[in-house]
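Below is start.txt, which holds compact mmCIF, C-alpha atoms.
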```txt
# COMPACT_ATOMS: atom_id res chain seq x y z
CA MET A 1 75.50 20.60 -53.93
CA GLY A 2 71.72 20.49 -54.06
CA ARG A 3 69.36 20.70 -51.15
CA THR A 4 67.24 17.60 -50.84
CA LYS A 5 63.52 17.73 -50.18
CA LYS A 6 62.25 15.95 -47.07
CA LYS A 7 59.27 13.60 -46.93
CA GLY A 8 56.74 12.94 -44.19
CA LYS A 9 54.37 14.98 -42.09
CA GLY A 10 55.49 18.20 -40.53
CA ARG A 11 56.86 17.59 -37.05
CA ILE A 12 56.20 19.57 -33.92
CA ALA A 13 59.57 21.26 -33.78
CA ALA A 14 59.47 24.31 -31.61
CA ARG A 15 59.16 23.35 -27.95
CA ILE A 16 62.60 24.45 -26.90
CA PHE A 17 62.66 28.15 -27.67
CA PHE A 18 61.48 29.36 -24.31
CA VAL A 19 64.40 27.54 -22.70
CA LEU A 20 66.64 29.84 -24.71
CA GLY A 21 64.52 32.76 -23.65
CA LEU A 22 64.92 31.70 -20.05
CA MET A 23 68.63 30.90 -20.19
CA LEU A 24 69.88 33.46 -22.67
CA SER A 25 67.87 36.66 -22.28
CA ILE A 26 68.45 37.59 -18.63
CA SER A 27 70.17 40.95 -18.70
CA PHE A 28 69.13 42.97 -15.69
CA GLY A 29 70.25 42.87 -12.07
CA SER A 30 66.82 43.09 -10.46
CA PHE A 31 65.84 39.79 -12.01
CA ALA A 32 69.10 38.22 -10.91
CA ALA A 33 68.45 39.34 -7.34
CA THR A 34 64.96 37.83 -7.49
CA VAL A 35 66.37 34.55 -8.79
CA VAL A 36 68.75 34.39 -5.84
CA HIS A 37 66.00 35.30 -3.36
CA ARG A 38 63.32 32.97 -4.73
CA GLY A 39 65.56 30.51 -6.51
CA ASP A 40 64.93 27.37 -4.48
CA SER A 41 61.15 27.49 -4.81
CA MET A 42 61.38 28.56 -8.46
CA LEU A 43 63.86 25.89 -9.54
CA ALA A 44 61.91 23.24 -7.63
CA LEU A 45 59.39 23.40 -10.49
CA ILE A 46 61.89 21.82 -12.91
CA ASN A 47 61.92 18.08 -13.59
CA TYR A 48 65.44 16.92 -12.72
CA ASP A 49 66.63 13.83 -14.57
CA ASN A 50 69.62 12.27 -12.81
CA LYS A 51 69.00 8.91 -14.47
CA ASN A 52 69.89 10.24 -17.91
CA SER A 53 72.72 12.56 -16.95
CA LEU A 54 74.98 13.17 -19.94
CA SER A 55 77.97 13.00 -17.60
CA THR A 56 77.45 9.23 -17.34
CA VAL A 57 77.76 8.62 -21.10
CA ASP A 58 80.99 6.80 -21.99
CA LEU A 59 82.72 8.92 -24.63
CA SER A 60 86.26 7.72 -23.91
CA GLN A 61 86.74 6.46 -27.46
CA TYR A 62 86.01 9.87 -29.02
CA GLU A 63 88.25 12.93 -29.25
CA LEU A 64 86.16 15.83 -27.96
CA ASP A 65 86.71 19.57 -27.72
CA LYS A 66 85.84 21.22 -24.41
CA ASP A 67 86.55 24.55 -22.72
CA THR A 68 85.59 25.41 -19.13
CA ASP A 69 84.67 28.94 -20.29
CA VAL A 70 82.34 27.66 -23.02
CA ILE A 71 79.15 25.96 -21.80
CA ASN A 72 77.20 23.78 -24.27
CA VAL A 73 73.67 22.59 -23.51
CA LEU A 74 71.86 20.16 -25.80
CA LEU A 75 68.29 21.36 -26.38
CA VAL A 76 65.69 18.86 -27.57
CA GLY A 77 62.10 19.18 -28.69
CA ALA A 78 60.48 15.77 -29.08
CA ASP A 79 57.32 15.56 -31.22
CA LYS A 80 55.02 14.15 -28.57
CA ASN A 81 52.94 16.40 -26.36
CA ASN A 82 50.91 15.76 -23.22
CA ASP A 83 48.04 14.38 -25.31
CA GLU A 84 50.35 11.68 -26.67
CA GLN A 85 52.06 10.36 -23.57
CA ASN A 86 51.55 6.64 -24.04
CA ALA A 87 53.66 3.61 -24.79
CA ASP A 88 52.42 3.37 -28.38
CA VAL A 89 53.93 6.70 -29.45
CA ASP A 90 57.66 6.89 -30.12
CA ARG A 91 59.49 10.02 -29.06
CA ARG A 92 61.36 11.74 -31.87
CA SER A 93 63.88 14.55 -31.60
CA ASP A 94 62.79 16.57 -34.60
CA SER A 95 64.15 19.76 -33.09
CA MET A 96 67.76 19.64 -31.93
CA MET A 97 69.97 22.56 -31.02
CA ILE A 98 73.13 23.34 -29.11
CA ALA A 99 72.84 26.41 -26.87
CA THR A 100 76.26 27.89 -26.12
CA LEU A 101 77.17 30.25 -23.29
CA ASP A 102 80.57 31.52 -24.43
CA ILE A 103 81.98 33.30 -21.39
CA LYS A 104 85.39 33.63 -23.03
CA HIS A 105 84.05 35.83 -25.85
CA SER A 106 80.94 37.13 -23.99
CA LYS A 107 78.59 35.66 -26.59
CA LEU A 108 75.36 33.70 -26.65
CA LYS A 109 75.12 31.22 -29.52
CA VAL A 110 72.69 28.65 -30.90
CA THR A 111 73.37 25.92 -33.46
CA SER A 112 70.56 24.09 -35.30
CA LEU A 113 71.19 20.44 -36.18
CA MET A 114 69.31 19.24 -39.26
CA ARG A 115 67.29 16.14 -38.45
CA ASP A 116 67.93 14.55 -41.86
CA MET A 117 71.73 14.47 -41.61
CA TYR A 118 72.85 10.95 -42.47
CA VAL A 119 75.37 10.00 -39.80
CA GLU A 120 76.78 7.01 -37.95
CA ILE A 121 74.69 6.16 -34.88
CA PRO A 122 76.78 4.06 -32.46
CA GLY A 123 75.49 0.49 -32.50
CA TYR A 124 73.00 1.08 -35.32
CA GLY A 125 74.98 2.10 -38.39
CA LYS A 126 74.07 4.93 -40.74
CA ARG A 127 70.74 6.60 -39.96
CA LYS A 128 69.21 10.06 -39.89
CA LEU A 129 70.38 12.05 -36.86
CA ASN A 130 66.93 12.29 -35.31
CA ALA A 131 66.63 8.48 -35.26
CA SER A 132 69.21 8.34 -32.47
CA TYR A 133 66.77 9.79 -29.96
CA SER A 134 63.97 7.30 -30.69
CA LEU A 135 66.50 4.44 -30.63
CA GLY A 136 68.28 5.32 -27.39
CA GLY A 137 66.99 8.55 -25.91
CA ILE A 138 69.01 11.60 -24.96
CA LYS A 139 72.15 9.58 -24.19
CA LEU A 140 72.38 8.03 -27.65
CA LEU A 141 71.66 11.38 -29.28
CA TYR A 142 74.56 12.88 -27.31
CA LYS A 143 76.84 9.98 -28.18
CA THR A 144 75.95 10.36 -31.86
CA ILE A 145 76.76 14.08 -31.82
CA ALA A 146 80.04 13.38 -29.99
CA LYS A 147 81.06 10.65 -32.45
CA ASN A 148 80.32 12.66 -35.59
CA PHE A 149 81.14 16.22 -34.55
CA GLY A 150 83.51 15.97 -31.59
CA ILE A 151 81.64 18.32 -29.24
CA SER A 152 81.30 17.80 -25.49
CA MET A 153 78.06 18.83 -23.73
CA ASP A 154 77.61 20.15 -20.20
CA GLY A 155 74.00 19.03 -19.95
CA TYR A 156 70.68 18.83 -21.73
CA ALA A 157 67.19 20.32 -21.52
CA GLU A 158 64.01 19.00 -23.09
CA VAL A 159 60.76 20.90 -23.38
CA ASN A 160 57.33 19.72 -24.48
CA PHE A 161 54.84 21.17 -26.93
CA ASP A 162 52.31 22.48 -24.41
CA ALA A 163 54.86 24.75 -22.76
CA PHE A 164 55.76 26.41 -26.04
CA VAL A 165 52.17 27.38 -26.80
CA ASN A 166 51.54 28.56 -23.24
CA VAL A 167 54.67 30.67 -22.94
CA ILE A 168 54.04 32.47 -26.25
CA ASP A 169 50.53 33.30 -25.09
CA GLU A 170 51.85 34.33 -21.66
CA ILE A 171 54.10 37.01 -23.21
CA GLY A 172 51.33 38.25 -25.51
CA GLY A 173 52.50 36.55 -28.70
CA VAL A 174 55.59 37.05 -30.86
CA GLU A 175 56.17 39.16 -33.93
CA ALA A 176 56.82 37.47 -37.28
CA THR A 177 56.88 38.55 -40.92
CA LEU A 178 55.27 35.96 -43.19
CA THR A 179 55.85 35.47 -46.89
CA GLU A 180 52.93 34.74 -49.22
CA SER A 181 53.75 31.03 -49.36
CA GLU A 182 54.04 30.81 -45.55
CA ALA A 183 50.70 32.55 -44.94
CA LYS A 184 48.93 30.46 -47.57
CA ASN A 185 50.35 27.27 -46.12
CA LEU A 186 49.39 28.07 -42.54
CA ASN A 187 45.82 28.96 -43.51
CA SER A 188 45.24 25.85 -45.64
CA THR A 189 46.94 23.05 -43.66
CA ASN A 190 46.87 21.67 -40.13
CA TYR A 191 50.24 23.12 -39.13
CA ILE A 192 48.18 25.43 -36.90
CA LYS A 193 46.44 22.89 -34.68
CA ARG A 194 43.39 25.03 -33.86
CA ARG A 195 41.37 25.77 -37.01
CA LYS A 196 40.03 29.06 -35.63
CA TYR A 197 43.55 30.50 -35.64
CA ARG A 198 44.18 29.74 -39.31
CA LYS A 199 43.79 33.36 -40.32
CA VAL A 200 47.32 34.72 -40.61
CA LYS A 201 48.27 37.26 -43.27
CA VAL A 202 51.22 38.18 -45.45
CA GLY A 203 53.64 40.58 -43.77
CA LYS A 204 54.42 41.60 -40.18
CA GLN A 205 52.02 40.52 -37.42
CA THR A 206 51.83 39.10 -33.91
CA LEU A 207 51.33 35.33 -33.71
CA ASN A 208 49.75 33.57 -30.75
CA GLY A 209 51.09 30.30 -29.35
CA TYR A 210 49.37 27.95 -31.79
CA GLN A 211 50.18 30.17 -34.76
CA ALA A 212 53.83 30.50 -33.74
CA LEU A 213 54.10 26.74 -33.31
CA GLY A 214 52.61 26.20 -36.76
CA TYR A 215 55.02 28.75 -38.22
CA CYS A 216 57.97 26.87 -36.73
CA ARG A 217 56.72 23.51 -38.01
CA ILE A 218 56.47 24.42 -41.71
CA ARG A 219 58.59 22.31 -44.04
CA HIS A 220 56.59 22.20 -47.27
CA GLY A 221 53.12 22.78 -48.69
CA LYS A 222 50.10 20.49 -48.81
CA ARG A 223 50.60 17.39 -50.96
CA GLN A 224 49.07 17.80 -54.41
CA ALA A 225 47.07 15.26 -56.43
CA ASP A 226 50.19 14.29 -58.36
CA GLY A 227 52.07 13.58 -55.13
CA THR A 228 54.28 16.66 -55.20
CA LEU A 229 54.91 18.85 -52.18
CA PRO A 230 54.93 22.58 -53.01
CA GLY A 231 57.78 24.61 -51.56
CA VAL A 232 57.23 27.10 -48.75
CA TYR A 233 59.93 29.74 -48.51
CA THR A 234 61.17 32.27 -46.00
CA ALA A 235 61.91 35.87 -46.97
CA SER A 236 65.55 34.83 -47.49
CA GLY A 237 64.46 32.13 -49.95
CA LYS A 238 65.02 29.07 -47.75
CA GLY A 239 62.68 26.08 -48.04
CA ASP A 240 62.27 22.57 -46.61
CA ASP A 241 64.16 21.96 -43.35
CA TYR A 242 66.42 24.95 -43.98
CA GLY A 243 63.39 27.20 -43.95
CA ARG A 244 62.00 25.53 -40.87
CA THR A 245 65.18 25.91 -38.82
CA GLU A 246 65.47 29.55 -39.95
CA ARG A 247 61.92 30.14 -38.68
CA GLN A 248 62.90 28.56 -35.40
CA ARG A 249 65.85 30.89 -35.01
CA LEU A 250 63.74 33.91 -35.95
CA THR A 251 61.25 32.88 -33.29
CA ILE A 252 64.04 32.64 -30.72
CA ALA A 253 65.01 36.21 -31.53
CA ALA A 254 61.38 37.35 -31.29
CA ILE A 255 61.01 35.71 -27.88
CA LEU A 256 64.21 37.31 -26.63
CA LYS A 257 63.00 40.72 -27.82
CA LYS A 258 59.66 40.31 -26.06
CA VAL A 259 60.86 38.96 -22.73
CA LYS A 260 63.39 41.78 -22.36
CA THR A 261 60.45 44.14 -21.85
CA LEU A 262 58.91 42.15 -18.97
CA SER A 263 58.92 43.33 -15.38
CA VAL A 264 60.34 41.15 -12.62
CA ASN A 265 56.85 40.07 -11.55
CA GLU A 266 55.98 39.18 -15.15
CA TRP A 267 59.22 37.18 -15.33
CA MET A 268 58.18 35.20 -12.29
CA GLU A 269 54.76 34.47 -13.78
CA LEU A 270 56.42 33.31 -16.98
CA VAL A 271 58.84 31.09 -15.07
CA GLU A 272 55.93 29.37 -13.34
CA VAL A 273 54.53 28.50 -16.78
CA VAL A 274 57.85 27.38 -18.22
CA LEU A 275 59.70 25.37 -15.61
CA PRO A 276 57.19 22.56 -14.94
CA ASN A 277 57.58 21.63 -18.61
CA VAL A 278 61.38 21.46 -18.52
CA THR A 279 63.31 18.23 -17.99
CA THR A 280 67.07 18.55 -17.50
CA ASP A 281 70.12 16.84 -16.06
CA LEU A 282 71.58 20.18 -14.99
CA SER A 283 71.78 20.67 -11.21
CA ARG A 284 70.35 23.69 -9.44
CA ASP A 285 73.86 24.94 -8.75
CA GLN A 286 74.71 24.72 -12.46
CA ILE A 287 71.58 26.59 -13.45
CA TYR A 288 72.30 29.34 -10.90
CA SER A 289 75.85 29.60 -12.20
CA TYR A 290 74.82 29.84 -15.84
CA LEU A 291 72.11 32.41 -15.16
CA MET A 292 74.49 34.62 -13.23
CA ALA A 293 77.10 34.29 -15.99
CA VAL A 294 74.57 35.57 -18.52
CA VAL A 295 73.70 38.48 -16.25
CA ARG A 296 77.37 39.42 -15.88
CA MET A 297 77.88 39.24 -19.65
CA GLY A 298 75.10 41.78 -20.12
CA THR A 299 74.15 40.77 -23.66
CA THR A 300 71.07 39.24 -25.29
CA GLU A 301 72.40 39.22 -28.87
CA LEU A 302 72.09 35.70 -30.25
CA HIS A 303 74.67 34.41 -32.77
CA GLN A 304 73.24 31.69 -35.02
CA PHE A 305 74.64 28.72 -36.92
CA SER A 306 73.38 25.49 -38.48
CA LEU A 307 74.67 22.08 -39.60
CA PRO A 308 75.28 20.90 -42.24
CA ILE A 309 77.02 24.01 -43.50
CA ASP A 310 76.42 25.40 -46.98
CA GLY A 311 78.57 23.50 -49.44
CA GLY A 312 79.33 20.87 -46.82
CA TYR A 313 76.82 18.16 -47.70
CA SER A 314 75.15 16.35 -50.58
CA GLY A 315 71.49 15.53 -50.96
CA GLN A 316 71.06 11.83 -51.68
CA THR A 317 68.23 9.33 -52.08
CA LEU A 318 68.78 5.95 -50.46
CA SER A 319 67.76 2.63 -52.03
CA THR A 320 64.72 2.71 -49.71
CA GLY A 321 63.60 5.97 -51.30
CA GLU A 322 64.47 7.94 -48.18
CA GLN A 323 66.03 11.34 -48.83
CA VAL A 324 68.93 12.37 -46.63
CA LEU A 325 71.67 14.97 -46.20
CA VAL A 326 75.11 13.37 -46.30
CA PRO A 327 77.52 15.76 -44.55
CA ASP A 328 81.21 16.19 -45.15
CA LEU A 329 82.03 15.33 -41.54
CA GLN A 330 85.45 16.91 -41.42
CA ALA A 331 84.27 20.20 -42.91
CA ASN A 332 81.22 20.36 -40.65
CA LYS A 333 83.15 19.36 -37.54
CA SER A 334 85.75 22.07 -38.15
CA ALA A 335 83.12 24.72 -38.85
CA LEU A 336 81.12 23.83 -35.71
CA LYS A 337 84.17 23.91 -33.45
CA LYS A 338 85.25 27.27 -34.88
CA PHE A 339 81.79 28.75 -34.26
CA ILE A 340 81.44 27.40 -30.72
CA PHE A 341 84.96 27.84 -29.37
CA LYS A 342 86.83 30.41 -31.47
CA SER A 343 84.46 33.13 -32.64
```

Can you turn what I pasted into structure tokens?
Amino acid sequence: MGRTKKKGKGRIAARIFFVLGLMLSISFGSFAATVVHRGDSMLALINYDNKNSLSTVDLSQYELDKDTDVINVLLVGADKNNDEQNADVDRRSDSMMIATLDIKHSKLKVTSLMRDMYVEIPGYGKRKLNASYSLGGIKLLYKTIAKNFGISMDGYAEVNFDAFVNVIDEIGGVEATLTESEAKNLNSTNYIKRRKYRKVKVGKQTLNGYQALGYCRIRHGKRQADGTLPGVYTASGKGDDYGRTERQRLTIAAILKKVKTLSVNEWMELVEVVLPNVTTDLSRDQIYSYLMAVVRMGTTELHQFSLPIDGGYSGQTLSTGEQVLVPDLQANKSALKKFIFKS
């Protein structure tokens, strides 16, 4: 089955990685003790969203898999930053992941959900997955995932663009290895928002916040005179949205590697940058519990997955000209459940 190309401008797709760094990379007791000691004041920085709690979504008509020893958190990056907070700009969930804390198998996992998957959105018919967020917010996105893939969530977290740039700069940048097509693309397009930072090179280097964000946004090259969009490929040969989500996962790993070297005081400084930009329906007690579970597990290795699976979709062009990924729902549902609950 072929991989379809995606149209449209590159989306801001990387605001959620530091949440993973915060939730999934805590592996030393001194930090845990500090969290307990300073937890109330620290967690007070988070924006708590009781109005949109996922626990209030009616999923009674769907058959869902759930395990009390497997915690799933829906992570969303919506392509609208603090400069775009107005009623005329729709919020889009162009970065969607499921972060899994698998206590049963002592594993940390992350699943990327391709935005162009063509699925049934309750009440709206067949649309791209990312349309569910702009149509009905986090609740409809959750309902759409539940309907199509049969996974129950324990909560959600959303992070904005500004936090991503700031946290990367706060930890001194992240390491990345760029291919020739990636470097050329970043230096010749507006994926890197600040022109003065469009000076990356081929090979291994440290990217600052704006450069890392641009790296995670790449989907294709600059449109040519004939209307074509040149491919931009990762070292493993992935392009389009597959390349973009791979870059996101590589950036997660780079963040985890960097934050593991921070002192407790540096952790606290980082937390003060991160938390004001986090919106979640998780309670303070839940966050405490999850953090302590990660500490007890003692691992920062991140197991990665993505939907649709290889060989489990077809690339199709709709009558409107829109290009989509049509997943084999049964195959993808089975593969996702195996990854989250059984491996």

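Take the candidates A:Glu301, A:Asp285, A:Glu180, A:Asp154 and check each one against Leu43 of chain A using only C-alpha atoms; the shortest distance goes to A:Asp285.
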
**Prompt:** With only C-alpha atoms as the basis for distance, which of A:Pro308, A:Phe149, A:Asp226, A:Arg296 is at the shortest distance from Val324 of chain A?
**Reply:**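 Residue with the minimum atom-to-atom distance to Val324 of chain A: A:Pro308.
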
**Message:** What's the separation between atom CA of Ile151 of chain A and atom CA of Phe164 of chain A, in Å to one decimal place?
**Reply:**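 Separation between atom CA of Ile151 of chain A and atom CA of Phe164 of chain A: 27.3 Å.
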
**Message:** To one decimal place in Å, what is the distance between atom CA of Thr206 of chain A and atom CA of Leu108 of chain A?
**Reply:**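 So the answer is 25.2 Å.
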
**Contacts of segment 128-143 of chain A within 9 Å, all atoms listed in the file, excl. fewer than 6 positions in-chain, as an MDAnalysis selection string** = chainID A and resid 52:54 56:59 74 76 78 90:96 113:122 152:153 156 324:325
